[in-house]
Amino acid sequence: MRIRTRIISAAMLVVVVANIAYAVYFIGKERNDARVQLARTLEHNDKLLKVVVAGPLYDGNVEQLDTTLDSLFSDPDIASIELKEHNGTIRMYRTRTPEAMLGEMITSNVVITRKIDVLGEINTTYSTARIEQRLLQSRNNIIFFSGILILGLSAVIYLVVKGLTGPIDRLTTAAQAMANGNLDQEIGTSGARELSSLGQSFIRMRDAIRAKMADLAAQNAAMRLKDAAIDSSINGIAIANTEGLLIYINASFLRMWGYDDAAQVLGKRAVHFWQEEEKSA
């Protein structure tokens with residue numbers, strides 16, 4: 001995997017994880033706040049019912065009780081409400097199907113009293129479906145804007161990484177060319193300060209290699225001239241290794257000893273020829 005791909009992948013992973021963490025935190029906080037608000041609403045409604053229902057229930061004022069239930073039932077979070085008279089015939093209820101099958105049902109029971117008399121009770125069931133719908137919409141909005149943010153950051157990160165890795169790619173190409181013996185490869189020094197310094201180091205290394213190769217070429221040329229001089233010398237010249245075996249002889253040496261082929265001489269001990277020379281003397 002190229003370094004550019006690794007950097008972009010790592011950056012995108014950080015962004016995605018950060019957005020998921022934020023979404024979890026935000027949705028959790030919003031859910032807790034909504035539950036707290038719902039609990040306050042339940043408490044407020046329970047207190048209100050004890051006050052406004054006690055009188056009409058005691059008097060048997062069914063019309064007033066209907067109006068009160070209708071007013072309370074206007075709260076869309078209420079799934080059902082039921083009023084039952086204690087030891088009486090009054091029984092009223094309202095019910096609706098929640099807009100979505102989400103969340104849970106929370107039931108509240110309020111006992112209606114007047115002084116020490118128990119007049120009846122009201123059972124109210126609240127649905128958290130609307131809360132969950134709002135949270136679902138918030139989650140979708142976060143995902144949508146996160147997607148836009150990721151796309152925007154991807155473009156920015158790509159441009160930044162390209163600016164960083166472009167010089168590296170050029171230096172890599174130059175290094176491969178130098179390894180293949182092409183010392184005429186141009187080496188760019190643009191980019192960040194560190195990359196510019198690295199490019200200049202490559203240039204110095206290339207120039208040093210050029211100088212060294214020129215020096216080696218000059219030495220090889222000198223060696224070839226020396227070898228040519230030795231080969232064409234009228235004097236017999238032979239070179240032996242540390243073990244005394246001949247490893248080089250020129251043409252004059254062969255003629256001097258009456259040989260036609262160097263293979264007949266190379267590998268023999270040099271002392272052999274000096275002994276022969278002494279015998280001849």
# chains A, B, ... in the order shown; residues from 1 in each chain; ligands from 1
$ residues_around --residues "region 245-260 of chain A" --least-positions-apart "6" --cutoff "8 Å" --atoms "only C-alpha atoms" --output "list of chain:residue names"
A:Ile230, A:Asp231, A:Ser232, A:Ser233, A:Ile234, A:Asn235, A:Gly236, A:Ile237, A:Ala238, A:Ile239, A:Leu266, A:Gly267, A:Lys268, A:Arg269, A:Ala270
$ write_last_selection --atoms "C-alpha atoms" --output "compact mmCIF listing (two decimals), in the first residue's frame"
# COMPACT_ATOMS: atom_id res chain seq x y z
CA ILE A 230 53.43 -4.47 -20.87
CA ASP A 231 51.94 -6.67 -23.56
CA SER A 232 53.93 -4.95 -26.32
CA SER A 233 57.20 -4.81 -24.38
CA ILE A 234 60.20 -6.52 -25.99
CA ASN A 235 61.20 -7.75 -22.57
CA GLY A 236 59.71 -10.92 -21.20
CA ILE A 237 57.46 -10.06 -18.28
CA ALA A 238 55.74 -12.49 -15.94
CA ILE A 239 53.70 -11.98 -12.75
CA LEU A 266 50.06 -19.98 -16.75
CA GLY A 267 49.73 -21.87 -13.49
CA LYS A 268 53.29 -23.15 -13.50
CA ARG A 269 55.68 -22.19 -10.77
CA ALA A 270 57.85 -19.20 -11.59
$ residues_around --residues "region 56-58 of chain A" --least-positions-apart "4" --cutoff "8 Å" --atoms "only C-alpha atoms" --output "JSON, numbers by chain"
{"A": [52, 62, 64, 65, 85, 114, 119, 120]}
$ closest_residue --among "A:Asp117, A:Glu82, A:Asp77, A:Glu43" --to "Arg130 (chain A)" --atoms "only C-alpha atoms"
A:Asp77
$ residues_around --residues "Leu136 (chain A)" --least-positions-apart "5" --cutoff "12 Å" --atoms "only C-alpha atoms" --output "list in words"
Ala23, Val24, Phe26, Ile27, Gly28, Glu30, Arg31, Ala100, Leu102, Gly103, Ala129, Arg130, Ile131, Asn141, Ile142 and Ile143 of chain A
$ residues_around --residues "Asp70 (chain A)" --least-positions-apart "6" --cutoff "12 Å" --atoms "only C-alpha atoms" --output "VMD selection string"
chain A and resid 63 to 64 76 78 80 to 83 92 to 95
$ atom_distance --atom1 "CA of Ile106 (chain A)" --atom2 "CA of Ser127 (chain A)"
6.4 Å
$ closest_atom_pairs --of "region 7-73 of chain A" --to "region 145-154 of chain A" --cutoff "8 Å" --atoms "only C-alpha atoms" --output "JSON lines"
{"residue": "A:Ile8", "atom": "CA", "partner": "A:Ser154", "partner_atom": "CA", "distance": 7.3}
{"residue": "A:Met12", "atom": "CA", "partner": "A:Ile150", "partner_atom": "CA", "distance": 7.1}
{"residue": "A:Val15", "atom": "CA", "partner": "A:Ile150", "partner_atom": "CA", "distance": 7.0}
{"residue": "A:Val16", "atom": "CA", "partner": "A:Ile150", "partner_atom": "CA", "distance": 7.7}
{"residue": "A:Asn19", "atom": "CA", "partner": "A:Ser146", "partner_atom": "CA", "distance": 6.7}
$ select_by_dssp --residues "region 39-246 of chain A" --states "helix (DSSP H, G or I)" --output "PyMOL selection string"
chain A and resi 39-52+54-59+62-73+129-179+193-231
$ select_by_dssp --residues "region 46-241 of chain A" --states "strand (DSSP E or B)" --output "ChimeraX atom specification"
/A:78-85,91-95,105-114,117-127,238-240
$ atom_distance --atom1 "CA of Thr125 (chain A)" --atom2 "CA of Ser108 (chain A)"
6.3 Å
$ closest_residue --among "A:Arg91, A:Arg96, A:Arg35, A:Arg210" --to "Ala79 (chain A)" --atoms "only C-alpha atoms"
A:Arg96
$ residues_around --residues "Leu48 (chain A)" --least-positions-apart "2" --cutoff "12 Å" --atoms "only C-alpha atoms" --output "number ranges by chain"
A: 41-46, 50-54, 68-69, 71-72, 110-112, 122
$ atom_distance --atom1 "CA of Tyr22 (chain A)" --atom2 "CA of Val160 (chain A)"
25.4 Å
